[in-house]
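Before any comments, here is the structure.
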Amino acid sequence: MEFEILKEDAKSGARRGRLTTAHGVVETPVFMDVGTLGTVKALEPRDLKELKSQVVLGNTYHLLLRPGPEVISAAGGLHKFMRWEGPILTDSGGFQVFSLAKMRKFSEEGCRFNSHLDGHEFFLGPEESMEMQRVIGSDIAMVFDECLPYPCDRERAVASVERTLRWAVRSKAAPHAEHQAVFGIVQGGVYDDIRRHCAEELVKIGFDGYAIGGVSVGEPEQFMYQAVEASVPYLPKDKPRYVMGLGVMHQMAECVARGVDMFDCVIPTRIARHGTAITRTGNLAIKAAKYAFDQSPVEPGCECYCCRNFTRSYVRHLIACGEILGLRLLTIHNVWRLNEFMREMREALDNDCFVEWKASVLSSMQPQNKGETND
RNA sequence: GCGGGAGUAGAUCAAUUGGUUAGAUCAACAGAUUGUGAUUCUGUGGGUUGCGGGUUCGAGUCCCGUCUCCUGCC
């Protein structure tokens, strides 16, 4: 895997880059679609192509539970299994055992947990996670890490980060697929010096890219930026940086300004299924009565399949009835919206006007995106 | 025409021999969602208990009248 920096912004920490993986080129900054179980929910691979999505995420945790490594292996890897020819990034399962598994026990070896599906017992450690990611055949594998909750006291954060670092060494040493890049993950909670230490130690181990983890776990927004600011300066310039779990537009713009290249998030697809459309000015709850007779598209001016062909009135009807097409159309719109957002961001970087673009976009957004109309 | 039954929130129904401010579920409406949760979570509004009178300290509940619907008989 190669990462090339095409341009560095003069007025911020932002970079315009290009990541070359075994399954294609990724223009950064990029938003990556979450496809936990080998599918971006409600979308087909051909939709993703049309929506200009660049990378799909797969989940080690979920795919380990179902369908299991044997099935993925028999298919010849996840690309062939799900018929997605583009790049795939896999999460290691570290976050999932933290957020999903009910019964879990961490040890130096890894984490013993019970499946959230049926209680069946599993074990995931650095070696197990890397082996599963090898079978999946993702283009980018993530190290198995421990995600700290918020809040978290300093003593625990120190101990956890030391373990995460030992696990990072083991993850790197474990066999992985020939074409597979491996990213380390910076942890450390809200403690700047621990973040720095973690970043520096990861760089010594040496990875193809670096993620900032443990954000968007319930902490106030400024801590999120603080975690980025405490990590980025200690990461190599020539490697991609990835903030895990972020997908809110203004948050991504702020992180790019601080030197981040990659993001992923469930938000666009999840809120679509719950009836919320993302627009450039904020969120729009399509279920609201005021849209019952509205003959305009979900987002006027949008060029996605949903907005080119259907009305708010119709989409509202579908969502109100729980129709599958409603979930699909809103998912199409939201994924397109975020991809467009990132494309505009890259264009602004190409044209040396990122800071101006960011200011203009942020000022046109509803404060906190809460509830107001956007028509 | 006669007998029996039923009328309670937008819908379907609760509410102890008469006893706190008439509840639930769906629907409606409003929020939430950050390394995935479609059919999820949280909250809000909504009632002259068909109508009118009476008994009672107190009536959705008992009595009288009346209206509407269901059902049976002639």
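How things are named: the first chain in the structure tokens is A, the next is B, and so on; residues count from 1 in each chain; ligands count from 1 in the order shown.
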
- Item | Residues flagged strand (DSSP E or B) by DSSP in segment 84-256 of chain A, as a PyMOL selection string | chain A and resi 88-91+104-106+111-114+121-124+140-142+181-186+209-212+241-243

Wanna dump the chain B-chain A contacts at 10 Å for me, each residue with its shortest atom pair and the distance in Å to one decimal, counting only C-alpha atoms (C1' of nucleotides), ordered by chain and number, as CSV?
```
residue,atom,partner,partner_atom,distance
B:A28,C1',A:Ala289,CA,9.3
B:C29,C1',A:Ala288,CA,7.9
B:A30,C1',A:Gly371,CA,8.5
B:G31,C1',A:Gly371,CA,7.8
B:U33,C1',A:Ile271,CA,6.9
B:U34,C1',A:Leu246,CA,5.2
B:G35,C1',A:Met244,CA,4.9
B:U36,C1',A:Val266,CA,5.4
B:G37,C1',A:Arg270,CA,7.8
B:A38,C1',A:Arg273,CA,5.5
B:U39,C1',A:Gly322,CA,6.7
B:U40,C1',A:His274,CA,8.6
```

- Residue neighbourhood His317 of chain A, 10 Å, only C-alpha atoms (C1' of nucleotides), exclusion window fewer than 5 positions, as a list in words: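 In the requested format, the answer is Ile286, Lys287, Tyr291, Ala292, Phe293, Thr311, Arg312, Gly322, Glu323 and Gly326 of chain A.
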
- Any idea what the distance is between atom CA of Glu219 of chain A and atom CA of Tyr150 of chain A? 6.0 Å

- Members of segment 127-165 of chain A assigned helix (DSSP H, G or I) by DSSP, as a PyMOL selection string: chain A and resi 127-136+154-165

- Message: Residues near Gln187 of chain A, anyone? I mean within 10 Å using only C-alpha atoms (C1' of nucleotides), not counting same-chain ones fewer than 4 positions away, as a list of chain:residue names.
- Response: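 Once the adjacent positions are removed, what remains is A:Asp145, A:Glu146, A:Cys147, A:Leu148, A:Ala157, A:Val158, A:Ser160, A:Val161, A:Glu162, A:Thr164, A:Leu165, A:Tyr191, A:Ile194, A:Arg195, A:Arg196, A:His197, A:Cys198, A:Ala199, A:Ala211, A:Ile212, A:Gly213, A:Gly214, A:Val215, A:Ala227, A:Ser231.
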
- Item | Selection near segment 76-88 of chain A, 7 Å with only C-alpha atoms (C1' of nucleotides), sequence-local residues under 5 positions removed, as a count of residues only | 17

Which residues, written as a PDB file with C-alpha atoms, in the first residue's frame, have at least one atom at most 12 Å from Lys7 of chain A, with only C-alpha atoms (C1' of nucleotides) counted and residues fewer than 6 positions away on the same chain left out?
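Written out: part-v1.pdb:
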```pdb
ATOM      1  CA  GLY A  13      -3.084  20.943   8.966  1.00  0.00           C
ATOM      2  CA  ALA A  14      -5.189  19.528   6.135  1.00  0.00           C
ATOM      3  CA  ARG A  15      -3.714  17.331   3.410  1.00  0.00           C
ATOM      4  CA  ARG A  16      -4.969  16.142   0.081  1.00  0.00           C
ATOM      5  CA  GLY A  17      -3.762  12.613  -0.483  1.00  0.00           C
ATOM      6  CA  ARG A  18      -3.997   9.432  -2.487  1.00  0.00           C
ATOM      7  CA  GLU A  27      -8.656   9.826  -2.813  1.00  0.00           C
ATOM      8  CA  THR A  28      -8.326  11.414   0.601  1.00  0.00           C
ATOM      9  CA  PRO A  29      -9.754  12.899   2.720  1.00  0.00           C
ATOM     10  CA  LYS A 237       3.479  12.895   7.869  1.00  0.00           C
ATOM     11  CA  ASP A 238       3.755  10.397   5.057  1.00  0.00           C
ATOM     12  CA  GLY A 259      -4.478  16.605   9.647  1.00  0.00           C
ATOM     13  CA  ARG A 346     -10.877  17.552  -1.701  1.00  0.00           C
ATOM     14  CA  GLU A 347     -11.705  20.015  -4.448  1.00  0.00           C
ATOM     15  CA  ALA A 348     -11.222  22.907  -2.023  1.00  0.00           C
ATOM     16  CA  LEU A 349      -7.858  21.455  -1.025  1.00  0.00           C
ATOM     17  CA  ASP A 350      -6.887  21.107  -4.689  1.00  0.00           C
ATOM     18  CA  ASN A 351      -7.817  24.750  -5.187  1.00  0.00           C
ATOM     19  CA  ASP A 352      -6.085  26.015  -2.049  1.00  0.00           C
ATOM     20  CA  CYS A 353      -9.289  27.266  -0.477  1.00  0.00           C
ATOM     21  CA  PHE A 354      -9.998  24.641   2.180  1.00  0.00           C
TER      22      PHE A 354
END
```

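The closest residue to U49 of chain B, picked from B:U61, B:G1, B:C74, B:C26 and counting only C-alpha atoms (C1' of nucleotides), is B:U61.
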